[in-house]
>>> print(open('upload.cif').read())   # mmCIF, C-alpha atoms
data_entry
loop_
_atom_site.label_atom_id
_atom_site.label_comp_id
_atom_site.auth_asym_id
_atom_site.auth_seq_id
_atom_site.Cartn_x
_atom_site.Cartn_y
_atom_site.Cartn_z
CA ASN A 1 39.03 -44.17 68.11
CA PHE A 2 40.70 -42.15 65.34
CA GLN A 3 43.95 -42.75 63.50
CA LEU A 4 45.64 -40.50 60.96
CA GLU A 5 47.06 -41.93 57.76
CA VAL A 6 48.72 -40.54 54.65
CA GLU A 7 47.46 -41.47 51.20
CA SER A 8 50.02 -41.01 48.50
CA ARG A 9 51.08 -42.35 45.15
CA VAL A 10 54.68 -41.72 46.07
CA ASN A 11 54.75 -42.90 49.67
CA ARG A 12 58.15 -44.53 49.10
CA TYR A 13 59.51 -41.34 50.69
CA PHE A 14 58.17 -42.52 54.02
CA ASN A 15 59.12 -46.15 53.48
CA GLU A 16 62.71 -45.26 52.57
CA LYS A 17 63.14 -43.57 55.90
CA GLY A 18 61.65 -46.50 57.78
CA GLN A 19 59.14 -44.41 59.68
CA SER A 20 57.05 -47.24 61.09
CA GLY A 21 55.07 -44.72 63.12
CA LYS A 22 53.90 -42.96 59.97
CA PHE A 23 50.94 -44.35 58.09
CA CYS A 24 51.09 -44.45 54.30
CA GLU A 25 48.86 -45.91 51.66
CA ILE A 26 49.16 -45.99 47.89
CA LEU A 27 46.08 -44.70 46.10
CA SER A 28 45.42 -43.31 42.65
CA LEU A 29 44.32 -39.81 43.56
CA LYS A 30 42.24 -37.68 41.20
CA ALA A 31 44.46 -34.67 41.90
CA ALA A 32 47.88 -34.04 43.43
CA ASP A 33 50.22 -36.49 45.18
CA TYR A 34 49.45 -36.25 48.88
CA MET A 35 46.22 -36.15 50.82
CA PHE A 36 45.60 -36.68 54.50
CA VAL A 37 42.72 -38.56 56.09
CA ALA A 38 41.22 -39.23 59.50
CA ARG A 39 39.93 -42.76 59.86
CA LYS A 40 37.31 -43.94 62.29
CA ILE A 41 38.35 -47.39 63.45
CA SER A 42 36.19 -49.87 65.31
CA ARG A 43 37.60 -50.68 68.75
CA ALA A 44 35.94 -54.10 68.56
CA THR A 45 37.25 -55.25 65.18
CA GLY A 46 40.09 -52.87 64.33
CA GLN A 47 38.44 -52.29 60.94
CA VAL A 48 38.05 -48.89 59.29
CA VAL A 49 34.44 -47.80 59.68
CA GLU A 50 34.68 -44.44 57.95
CA GLU A 51 37.26 -42.00 56.67
CA ARG A 52 37.27 -38.28 55.93
CA LEU A 53 39.66 -35.88 54.21
CA PHE A 54 41.57 -33.08 55.84
CA ASP A 55 41.57 -29.72 54.04
CA LEU A 56 45.13 -30.13 52.78
CA ILE A 57 46.38 -31.38 49.43
CA ILE A 58 49.95 -31.33 48.06
CA GLU A 59 51.23 -31.57 44.50
CA ARG A 60 54.95 -32.37 44.43
CA LYS A 61 57.34 -31.96 41.51
CA ASP A 62 61.09 -32.32 41.45
CA VAL A 63 62.72 -29.89 39.03
CA GLY A 64 63.38 -32.56 36.40
CA ASP A 65 59.77 -33.73 36.42
CA LEU A 66 58.50 -30.15 36.39
CA ALA A 67 60.60 -29.26 33.34
CA SER A 68 59.01 -32.16 31.43
CA CYS A 69 55.47 -31.38 32.59
CA LEU A 70 55.77 -27.79 31.41
CA ILE A 71 56.31 -28.81 27.77
CA ASN A 72 54.60 -32.22 27.46
CA LYS A 73 50.96 -32.18 26.39
CA SER A 74 48.28 -33.69 28.59
CA LYS A 75 46.97 -37.00 27.20
CA ASP A 76 43.42 -36.35 28.38
CA PHE A 77 43.16 -32.55 28.15
CA LYS A 78 44.91 -31.44 24.97
CA PRO A 79 46.06 -28.85 23.99
CA LEU A 80 46.93 -28.11 27.63
CA SER A 81 50.32 -29.10 28.93
CA PHE A 82 50.46 -31.78 31.60
CA PHE A 83 51.33 -29.06 34.11
CA GLU A 84 48.38 -26.84 33.12
CA ALA A 85 45.91 -29.71 33.49
CA GLN A 86 47.34 -30.70 36.86
CA MET A 87 47.20 -27.16 38.17
CA HIS A 88 43.61 -26.72 36.97
CA LYS A 89 42.68 -29.81 38.97
CA LEU A 90 44.55 -28.50 41.99
CA VAL A 91 42.97 -25.03 41.86
CA HIS A 92 39.46 -26.45 41.50
CA CYS A 93 39.79 -29.53 43.72
CA GLY A 94 37.52 -28.21 46.48
CA ILE A 95 40.22 -28.55 49.17
CA ASP A 96 40.92 -25.31 51.03
CA ARG A 97 44.68 -25.54 51.55
CA LYS A 98 46.55 -26.35 48.36
CA ILE A 99 50.34 -26.65 48.21
CA PHE A 100 52.59 -26.89 45.16
CA LEU A 101 55.91 -28.30 46.38
CA VAL A 102 58.97 -27.93 44.16
CA GLU A 103 61.91 -30.12 45.13
CA GLY A 104 65.46 -29.51 43.94
CA ASP A 105 67.56 -26.73 42.46
CA GLU A 106 67.33 -26.05 38.73
CA ASP A 107 70.71 -24.27 38.82
CA THR A 108 72.59 -27.36 40.00
CA PHE A 109 70.39 -30.10 38.49
CA GLN A 110 72.15 -32.46 36.07
CA TRP A 111 70.06 -31.80 32.97
CA ARG A 112 69.95 -34.59 30.39
CA THR A 113 68.57 -35.14 26.91
CA GLU A 114 65.97 -37.83 26.21
CA GLY A 115 68.82 -40.05 25.07
CA GLY A 116 70.58 -39.68 28.41
CA GLY A 117 73.40 -37.40 27.35
CA PRO A 118 74.11 -33.98 28.86
CA ALA A 119 71.79 -31.22 27.68
CA SER A 120 73.24 -28.32 25.73
CA GLU A 121 73.91 -25.05 27.52
CA ASP A 122 71.05 -23.43 25.62
CA GLU A 123 68.62 -26.17 26.64
CA LYS A 124 69.77 -25.96 30.26
CA ARG A 125 69.13 -22.21 30.19
CA LYS A 126 65.62 -22.70 28.78
CA ARG A 127 64.70 -25.31 31.37
CA ARG A 128 66.02 -23.20 34.24
CA LEU A 129 64.08 -20.18 32.97
CA ARG A 130 60.83 -22.17 32.67
CA ILE A 131 61.13 -23.42 36.23
CA LYS A 132 62.06 -20.04 37.70
CA THR A 133 59.11 -18.49 35.87
CA THR A 134 56.78 -21.19 37.20
CA ARG A 135 57.98 -20.63 40.76
CA LEU A 136 57.25 -16.90 40.40
CA LEU A 137 53.81 -17.51 38.87
CA VAL A 138 52.76 -19.80 41.72
CA GLU A 139 54.27 -17.52 44.37
CA HIS A 140 52.47 -14.46 43.01
CA GLY A 141 49.03 -16.02 42.78
CA ARG A 142 48.69 -17.11 39.16
CA PHE A 143 47.02 -20.29 40.43
CA ARG A 144 44.33 -19.13 42.82
CA GLY A 145 44.71 -20.37 46.38
CA VAL A 146 47.85 -22.44 45.71
CA GLU A 147 50.76 -21.96 48.11
CA LEU A 148 54.35 -22.50 46.97
CA VAL A 149 56.74 -24.57 49.09
CA CYS A 150 60.32 -25.20 47.94
CA THR A 151 62.72 -27.84 49.25
CA LYS A 152 66.29 -28.46 48.11
CA PHE A 153 66.53 -32.19 48.80
CA LYS A 154 64.36 -35.28 49.22
CA ASP A 155 64.99 -35.49 52.96
CA ARG A 156 63.69 -31.93 53.37
CA THR A 157 60.53 -32.94 51.52
CA ILE A 158 60.13 -35.90 53.86
CA GLN A 159 60.52 -33.64 56.88
CA PHE A 160 57.95 -31.21 55.51
CA LEU A 161 55.39 -33.96 54.89
CA GLU A 162 55.95 -35.53 58.29
CA HIS A 163 55.52 -32.12 59.90
CA GLN A 164 52.16 -31.71 58.16
CA ILE A 165 51.03 -35.04 59.61
CA GLU A 166 52.10 -33.97 63.09
CA LEU A 167 50.27 -30.65 62.77
CA LEU A 168 47.08 -32.43 61.71
CA GLN A 169 47.39 -34.98 64.50
CA ASN A 170 47.87 -32.25 67.10
CA SER A 171 45.06 -30.01 65.86
CA PHE A 172 42.45 -32.65 64.98
CA ASP A 173 39.17 -32.45 66.89
CA PRO A 174 37.08 -35.65 66.52
CA LYS A 175 33.95 -33.49 66.72
CA ASP A 176 34.83 -32.12 63.26
CA PHE A 177 34.90 -35.57 61.67
CA ALA A 178 31.31 -35.68 60.39
CA GLY A 179 31.67 -32.36 58.56
CA MET A 180 34.81 -33.36 56.64
CA LYS A 181 34.68 -34.41 52.97
CA THR A 182 34.75 -38.05 51.91
CA MET A 183 37.09 -39.32 49.20
CA GLN A 184 34.07 -40.00 46.99
CA GLN A 185 32.90 -36.39 47.32
CA PHE A 186 36.39 -35.20 46.41
CA THR A 187 36.59 -37.52 43.38
CA ASP A 188 33.13 -36.53 42.13
CA HIS A 189 33.99 -32.85 42.50
CA ILE A 190 37.16 -33.22 40.41
CA LYS A 191 35.31 -35.11 37.66
CA GLU A 192 32.65 -32.41 37.54
CA LYS A 193 35.21 -29.61 37.27
CA MET A 194 37.23 -31.32 34.56
CA ASN A 195 34.06 -31.96 32.52
CA ASP A 196 32.76 -28.42 32.90
CA PRO A 197 32.14 -26.91 29.43
CA THR A 198 33.91 -23.70 30.49
CA PHE A 199 37.15 -25.63 31.18
#
>>> encode(input="upload.cif", output="C-alpha coordinates")
Amino acid sequence: NFQLEVESRVNRYFNEKGQSGKFCEILSLKAADYMFVARKISRATGQVVEERLFDLIIERKDVGDLASCLINKSKDFKPLSFFEAQMHKLVHCGIDRKIFLVEGDEDTFQWRTEGGGPASEDEKRKRRLRIKTTRLLVEHGRFRGVELVCTKFKDRTIQFLEHQIELLQNSFDPKDFAGMKTMQQFTDHIKEKMNDPTF
(Lines of atoms letter the chains of each structure in order from A and count residues from 1; the text may use other names and numbers.)
(Lines give C-alpha, C1' and ligand atoms only; values in the text may rest on other atoms or scores of the structure.)
Protein backbone atom coordinates (compact mmCIF):
# COMPACT_ATOMS: atom_id res chain seq x y z
CA ASN A 1 0.00 0.00 0.00
CA PHE A 2 1.78 3.14 -1.23
CA GLN A 3 0.97 6.78 -0.65
CA LEU A 4 2.67 9.82 -2.16
CA GLU A 5 3.58 12.80 -0.02
CA VAL A 6 5.38 16.09 -0.54
CA GLU A 7 8.22 17.13 1.73
CA SER A 8 8.84 20.84 1.75
CA ARG A 9 10.11 23.62 3.93
CA VAL A 10 7.59 25.95 2.36
CA ASN A 11 4.52 23.73 2.22
CA ARG A 12 2.32 26.66 3.28
CA TYR A 13 1.61 26.98 -0.46
CA PHE A 14 -0.44 23.81 -0.26
CA ASN A 15 -2.00 24.65 3.10
CA GLU A 16 -3.11 28.11 1.92
CA LYS A 17 -5.09 26.53 -0.85
CA GLY A 18 -6.69 24.01 1.48
CA GLN A 19 -5.80 21.01 -0.63
CA SER A 20 -6.66 18.32 1.89
CA GLY A 21 -6.00 15.68 -0.76
CA LYS A 22 -2.39 16.79 -1.09
CA PHE A 23 0.15 15.50 1.38
CA CYS A 24 2.74 17.91 2.74
CA GLU A 25 5.38 17.66 5.40
CA ILE A 26 7.87 20.19 6.71
CA LEU A 27 11.44 18.93 6.70
CA SER A 28 14.84 20.60 6.72
CA LEU A 29 16.16 19.41 3.39
CA LYS A 30 19.89 19.34 2.61
CA ALA A 31 19.24 20.87 -0.81
CA ALA A 32 16.39 22.69 -2.54
CA ASP A 33 12.83 23.31 -1.32
CA TYR A 34 10.72 20.46 -2.67
CA MET A 35 11.26 16.73 -2.81
CA PHE A 36 8.78 13.97 -3.47
CA VAL A 37 8.60 10.60 -1.75
CA ALA A 38 6.77 7.30 -2.02
CA ARG A 39 5.92 5.83 1.35
CA LYS A 40 5.26 2.19 2.10
CA ILE A 41 2.50 2.08 4.69
CA SER A 42 1.47 -0.93 6.74
CA ARG A 43 -2.12 -1.95 6.05
CA ALA A 44 -2.33 -3.38 9.57
CA THR A 45 -1.11 -0.36 11.54
CA GLY A 46 -1.24 2.56 9.11
CA GLN A 47 2.36 3.36 10.03
CA VAL A 48 5.08 4.28 7.55
CA VAL A 49 7.32 1.26 7.07
CA GLU A 50 9.71 2.72 4.53
CA GLU A 51 10.06 5.70 2.23
CA ARG A 52 12.01 6.41 -0.94
CA LEU A 53 12.76 9.51 -3.00
CA PHE A 54 11.55 10.21 -6.50
CA ASP A 55 14.13 11.53 -8.97
CA LEU A 56 12.79 15.09 -8.83
CA ILE A 57 13.99 18.02 -6.77
CA ILE A 58 12.91 21.68 -7.01
CA GLU A 59 14.62 24.85 -5.81
CA ARG A 60 12.19 27.78 -5.73
CA LYS A 61 13.04 31.47 -5.56
CA ASP A 62 10.76 34.45 -5.90
CA VAL A 63 12.48 37.37 -7.62
CA GLY A 64 12.95 39.32 -4.38
CA ASP A 65 14.60 36.37 -2.64
CA LEU A 66 16.72 35.63 -5.70
CA ALA A 67 18.02 39.20 -5.86
CA SER A 68 19.21 38.92 -2.24
CA CYS A 69 20.74 35.46 -2.70
CA LEU A 70 22.79 36.65 -5.66
CA ILE A 71 24.69 39.23 -3.57
CA ASN A 72 24.60 37.84 -0.01
CA LYS A 73 27.51 35.61 0.99
CA SER A 74 26.92 32.05 2.13
CA LYS A 75 27.41 31.65 5.89
CA ASP A 76 28.89 28.17 5.55
CA PHE A 77 30.66 28.35 2.18
CA LYS A 78 32.34 31.75 1.92
CA PRO A 79 33.36 33.42 -0.35
CA LEU A 80 30.54 31.94 -2.43
CA SER A 81 27.24 33.77 -2.59
CA PHE A 82 24.23 32.08 -1.06
CA PHE A 83 22.97 31.42 -4.59
CA GLU A 84 26.24 29.83 -5.75
CA ALA A 85 26.32 27.46 -2.77
CA GLN A 86 22.69 26.48 -3.27
CA MET A 87 23.20 25.81 -6.96
CA HIS A 88 26.31 23.73 -6.29
CA LYS A 89 24.23 21.57 -3.95
CA LEU A 90 21.49 21.30 -6.54
CA VAL A 91 23.82 20.36 -9.40
CA HIS A 92 25.60 17.70 -7.32
CA CYS A 93 22.63 16.41 -5.30
CA GLY A 94 22.48 13.02 -7.04
CA ILE A 95 18.85 13.50 -8.14
CA ASP A 96 18.35 13.14 -11.89
CA ARG A 97 15.70 15.78 -12.56
CA LYS A 98 16.58 19.14 -11.07
CA ILE A 99 14.36 22.21 -11.44
CA PHE A 100 15.14 25.83 -10.60
CA LEU A 101 11.79 27.62 -10.33
CA VAL A 102 11.74 31.41 -10.48
CA GLU A 103 8.49 33.01 -9.33
CA GLY A 104 7.50 36.57 -10.16
CA ASP A 105 8.40 39.33 -12.60
CA GLU A 106 11.47 41.46 -11.91
CA ASP A 107 10.11 44.19 -14.21
CA THR A 108 6.99 44.76 -12.11
CA PHE A 109 8.31 43.75 -8.66
CA GLN A 110 8.11 46.46 -5.99
CA TRP A 111 11.80 46.73 -5.15
CA ARG A 112 12.64 48.04 -1.67
CA THR A 113 15.73 49.03 0.27
CA GLU A 114 16.72 47.21 3.47
CA GLY A 115 15.02 50.02 5.38
CA GLY A 116 11.74 49.40 3.57
CA GLY A 117 11.73 52.43 1.31
CA PRO A 118 11.54 52.29 -2.49
CA ALA A 119 14.81 51.36 -4.19
CA SER A 120 16.47 53.89 -6.47
CA GLU A 121 16.04 53.54 -10.22
CA ASP A 122 19.70 52.55 -10.54
CA GLU A 123 19.33 49.83 -7.90
CA LYS A 124 16.15 48.54 -9.55
CA ARG A 125 18.00 48.33 -12.86
CA LYS A 126 20.88 46.39 -11.28
CA ARG A 127 18.55 43.90 -9.59
CA ARG A 128 16.54 43.34 -12.76
CA LEU A 129 19.74 42.78 -14.74
CA ARG A 130 21.09 40.26 -12.21
CA ILE A 131 17.88 38.25 -12.32
CA LYS A 132 17.59 38.31 -16.11
CA THR A 133 21.21 37.19 -16.38
CA THR A 134 20.58 34.37 -13.91
CA ARG A 135 17.55 33.19 -15.86
CA LEU A 136 19.66 33.07 -19.03
CA LEU A 137 22.53 31.24 -17.32
CA VAL A 138 20.22 28.53 -15.98
CA GLU A 139 18.32 28.27 -19.27
CA HIS A 140 21.51 27.87 -21.30
CA GLY A 141 23.08 25.19 -19.14
CA ARG A 142 25.46 27.05 -16.83
CA PHE A 143 24.31 24.74 -14.03
CA ARG A 144 24.61 21.24 -15.42
CA GLY A 145 21.37 19.29 -15.56
CA VAL A 146 19.22 22.04 -14.01
CA GLU A 147 15.99 22.92 -15.80
CA LEU A 148 14.50 26.42 -15.59
CA VAL A 149 10.80 26.88 -14.85
CA CYS A 150 9.29 30.37 -14.53
CA THR A 151 5.94 31.28 -12.99
CA LYS A 152 4.43 34.76 -12.70
CA PHE A 153 2.38 34.29 -9.55
CA LYS A 154 2.15 32.11 -6.44
CA ASP A 155 -0.97 30.32 -7.64
CA ARG A 156 0.86 29.28 -10.81
CA THR A 157 3.64 27.84 -8.67
CA ILE A 158 1.06 25.90 -6.66
CA GLN A 159 -0.46 24.53 -9.85
CA PHE A 160 2.94 23.48 -11.15
CA LEU A 161 3.83 21.66 -7.92
CA GLU A 162 0.47 19.92 -7.75
CA HIS A 163 0.87 18.83 -11.35
CA GLN A 164 4.24 17.26 -10.51
CA ILE A 165 2.58 15.26 -7.74
CA GLU A 166 -0.12 14.06 -10.10
CA LEU A 167 2.44 13.03 -12.71
CA LEU A 168 4.38 11.04 -10.12
CA GLN A 169 1.22 9.41 -8.79
CA ASN A 170 0.13 8.39 -12.28
CA SER A 171 3.52 7.08 -13.39
CA PHE A 172 4.66 5.37 -10.18
CA ASP A 173 5.28 1.63 -10.41
CA PRO A 174 5.54 -0.01 -6.95
CA LYS A 175 8.04 -2.47 -8.43
CA ASP A 176 10.54 0.43 -8.67
CA PHE A 177 10.31 1.22 -4.95
CA ALA A 178 13.28 -0.85 -3.75
CA GLY A 179 15.65 0.77 -6.25
CA MET A 180 14.81 4.36 -5.26
CA LYS A 181 17.12 6.42 -3.01
CA THR A 182 16.44 6.87 0.69
CA MET A 183 16.53 10.29 2.35
CA GLN A 184 19.62 9.21 4.29
CA GLN A 185 21.44 8.32 1.08
CA PHE A 186 20.51 11.71 -0.36
CA THR A 187 21.67 13.56 2.77
CA ASP A 188 24.97 11.65 2.93
CA HIS A 189 25.62 12.34 -0.75
CA ILE A 190 25.12 16.10 -0.28
CA LYS A 191 27.45 16.18 2.74
CA GLU A 192 30.12 14.33 0.79
CA LYS A 193 29.89 16.71 -2.17
CA MET A 194 29.99 19.84 -0.05
CA ASN A 195 33.07 18.54 1.83
CA ASP A 196 34.90 17.51 -1.33
CA PRO A 197 38.33 19.23 -1.41
CA THR A 198 37.76 20.20 -5.06
CA PHE A 199 34.65 22.21 -4.11
>>> residues_around(input="upload.cif", residues="A:Glu121", least_positions_apart="3", cutoff="12 Å", atoms="all atoms listed in the file", output="VMD selection string")
chain A and resid 107 110 to 113 118 124 to 128
>>> atom_distance(input="upload.cif", atom1="atom CA of A:Phe36", atom2="atom CA of A:Phe54")
5.6 Å
>>> atom_distance(input="upload.cif", atom1="atom CA of A:Lys98", atom2="atom CA of A:Ala178")
21.5 Å
>>> resolve_selection(input="upload.cif", expression="the PyMOL selection byres ((chain A and resi 89) around 8)", output="JSON list (two decimals) with C-alpha atoms, in the coordinates of the input")
[["chain", "number", "residue", "atom", "x", "y", "z"],
["A", 31, "ALA", "CA", 44.46, -34.67, 41.90],
["A", 85, "ALA", "CA", 45.91, -29.71, 33.49],
["A", 86, "GLN", "CA", 47.34, -30.70, 36.86],
["A", 87, "MET", "CA", 47.20, -27.16, 38.17],
["A", 88, "HIS", "CA", 43.61, -26.72, 36.97],
["A", 90, "LEU", "CA", 44.55, -28.50, 41.99],
["A", 91, "VAL", "CA", 42.97, -25.03, 41.86],
["A", 92, "HIS", "CA", 39.46, -26.45, 41.50],
["A", 93, "CYS", "CA", 39.79, -29.53, 43.72],
["A", 190, "ILE", "CA", 37.16, -33.22, 40.41],
["A", 193, "LYS", "CA", 35.21, -29.61, 37.27],
["A", 194, "MET", "CA", 37.23, -31.32, 34.56]]
>>> atom_distance(input="upload.cif", atom1="atom CA of A:Ile99", atom2="atom CA of A:Val149")
6.8 Å
>>> resolve_selection(input="upload.cif", expression="the PyMOL selection byres ((chain A and resi 179-184) around 8)", output="VMD selection string")
chain A and resid 51 to 54 176 to 178 185 to 188
>>> resolve_selection(input="upload.cif", expression="the PyMOL selection byres ((chain A and resi 151) around 7)", output="ChimeraX atom specification")
/A:102-104,149-150,152-153,156-157
>>> residues_around(input="upload.cif", residues="A:Val49", least_positions_apart="2", cutoff="8 Å", atoms="all atoms listed in the file", output="VMD selection string")
chain A and resid 39 to 42 47 51
>>> closest_residue(input="upload.cif", among="A:Ser81, A:Glu106, A:Lys73, A:Lys30", to="A:Lys132", atoms="all atoms listed in the file")
A:Glu106
>>> closest_residue(input="upload.cif", among="A:Glu114, A:Glu84, A:Glu162, A:Asp33", to="A:Phe143", atoms="all atoms listed in the file")
A:Glu84
>>> decode(input="upload.cif", residues="stretch 143-156 of chain A", atoms="all heavy atoms", output="CSV table (one decimal), in the first residue's frame")
chain,number,residue,atom,x,y,z
A,143,PHE,N,24.4,25.7,-15.2
A,143,PHE,CA,24.3,24.7,-14.0
A,143,PHE,C,23.9,23.4,-14.6
A,143,PHE,O,22.7,23.2,-14.8
A,143,PHE,CB,23.4,25.3,-13.0
A,143,PHE,CG,23.8,26.7,-12.5
A,143,PHE,CD1,23.2,27.8,-13.0
A,143,PHE,CD2,24.8,26.8,-11.6
A,143,PHE,CE1,23.6,29.1,-12.6
A,143,PHE,CE2,25.2,28.1,-11.1
A,143,PHE,CZ,24.6,29.2,-11.7
A,144,ARG,N,24.8,22.5,-14.7
A,144,ARG,CA,24.6,21.2,-15.4
A,144,ARG,C,23.4,20.4,-14.9
A,144,ARG,O,23.3,20.1,-13.8
A,144,ARG,CB,25.9,20.4,-15.3
A,144,ARG,CG,25.9,19.2,-16.2
A,144,ARG,CD,27.2,18.4,-16.1
A,144,ARG,NE,27.3,17.7,-14.8
A,144,ARG,CZ,28.1,18.1,-13.8
A,144,ARG,NH1,28.9,19.1,-14.0
A,144,ARG,NH2,28.1,17.4,-12.7
A,145,GLY,N,22.5,20.1,-15.9
A,145,GLY,CA,21.4,19.3,-15.6
A,145,GLY,C,20.2,20.0,-14.9
A,145,GLY,O,19.2,19.3,-14.6
A,146,VAL,N,20.3,21.3,-14.7
A,146,VAL,CA,19.2,22.0,-14.0
A,146,VAL,C,18.3,22.7,-15.0
A,146,VAL,O,18.7,23.4,-15.9
A,146,VAL,CB,19.8,23.1,-13.1
A,146,VAL,CG1,18.7,23.9,-12.4
A,146,VAL,CG2,20.7,22.5,-12.0
A,147,GLU,N,17.0,22.4,-14.9
A,147,GLU,CA,16.0,22.9,-15.8
A,147,GLU,C,15.4,24.2,-15.2
A,147,GLU,O,15.1,24.3,-14.0
A,147,GLU,CB,14.9,21.8,-16.0
A,147,GLU,CG,13.7,22.2,-16.7
A,147,GLU,CD,12.6,21.1,-16.6
A,147,GLU,OE1,12.9,20.0,-16.2
A,147,GLU,OE2,11.4,21.4,-17.0
A,148,LEU,N,15.1,25.2,-16.0
A,148,LEU,CA,14.5,26.4,-15.6
A,148,LEU,C,13.0,26.4,-15.8
A,148,LEU,O,12.5,26.0,-16.9
A,148,LEU,CB,15.1,27.6,-16.4
A,148,LEU,CG,14.5,29.0,-16.0
A,148,LEU,CD1,14.8,29.4,-14.6
A,148,LEU,CD2,14.9,30.0,-17.0
A,149,VAL,N,12.2,26.7,-14.8
A,149,VAL,CA,10.8,26.9,-14.8
A,149,VAL,C,10.5,28.3,-14.3
A,149,VAL,O,11.0,28.6,-13.2
A,149,VAL,CB,10.0,25.8,-14.1
A,149,VAL,CG1,8.6,26.1,-14.0
A,149,VAL,CG2,10.3,24.4,-14.7
A,150,CYS,N,9.7,29.0,-15.0
A,150,CYS,CA,9.3,30.4,-14.5
A,150,CYS,C,7.8,30.5,-14.4
A,150,CYS,O,7.0,30.0,-15.2
A,150,CYS,CB,9.7,31.4,-15.5
A,150,CYS,SG,11.5,31.5,-15.8
A,151,THR,N,7.4,31.0,-13.2
A,151,THR,CA,5.9,31.3,-13.0
A,151,THR,C,5.8,32.8,-12.6
A,151,THR,O,6.7,33.3,-12.0
A,151,THR,CB,5.4,30.4,-11.9
A,151,THR,OG1,6.1,30.7,-10.6
A,151,THR,CG2,5.5,28.9,-12.2
A,152,LYS,N,4.7,33.3,-13.0
A,152,LYS,CA,4.4,34.8,-12.7
A,152,LYS,C,3.9,35.0,-11.3
A,152,LYS,O,4.2,36.0,-10.6
A,152,LYS,CB,3.4,35.3,-13.7
A,152,LYS,CG,4.0,35.5,-15.1
A,152,LYS,CD,5.0,36.7,-15.2
A,152,LYS,CE,5.4,36.9,-16.6
A,152,LYS,NZ,6.4,38.0,-16.7
A,153,PHE,N,3.1,34.1,-10.8
A,153,PHE,CA,2.4,34.3,-9.5
A,153,PHE,C,2.4,33.0,-8.7
A,153,PHE,O,2.7,31.9,-9.2
A,153,PHE,CB,0.9,34.7,-9.8
A,153,PHE,CG,0.8,35.8,-10.7
A,153,PHE,CD1,0.3,35.6,-12.0
A,153,PHE,CD2,1.1,37.1,-10.3
A,153,PHE,CE1,0.2,36.7,-12.9
A,153,PHE,CE2,0.9,38.2,-11.2
A,153,PHE,CZ,0.5,38.0,-12.5
A,154,LYS,N,2.1,33.2,-7.4
A,154,LYS,CA,2.2,32.1,-6.4
A,154,LYS,C,1.2,31.0,-6.8
A,154,LYS,O,1.5,29.8,-6.7
A,154,LYS,CB,1.8,32.6,-5.0
A,154,LYS,CG,1.9,31.6,-4.0
A,154,LYS,CD,1.3,32.0,-2.6
A,154,LYS,CE,2.1,33.2,-2.1
A,154,LYS,NZ,1.6,33.6,-0.7
A,155,ASP,N,0.0,31.4,-7.3
A,155,ASP,CA,-1.0,30.3,-7.6
A,155,ASP,C,-0.5,29.5,-8.8
A,155,ASP,O,-0.8,28.3,-8.9
A,155,ASP,CB,-2.4,30.9,-7.9
A,155,ASP,CG,-2.4,31.9,-9.1
A,155,ASP,OD1,-1.3,32.3,-9.5
A,155,ASP,OD2,-3.5,32.1,-9.6
A,156,ARG,N,0.3,30.1,-9.7
A,156,ARG,CA,0.9,29.3,-10.8
A,156,ARG,C,1.9,28.3,-10.3
A,156,ARG,O,2.1,27.2,-10.8
A,156,ARG,CB,1.5,30.2,-11.9
A,156,ARG,CG,0.4,31.1,-12.5
A,156,ARG,CD,-0.5,30.3,-13.4
A,156,ARG,NE,-1.4,31.1,-14.2
A,156,ARG,CZ,-2.6,31.5,-13.7
A,156,ARG,NH1,-3.1,31.1,-12.6
A,156,ARG,NH2,-3.4,32.3,-14.5
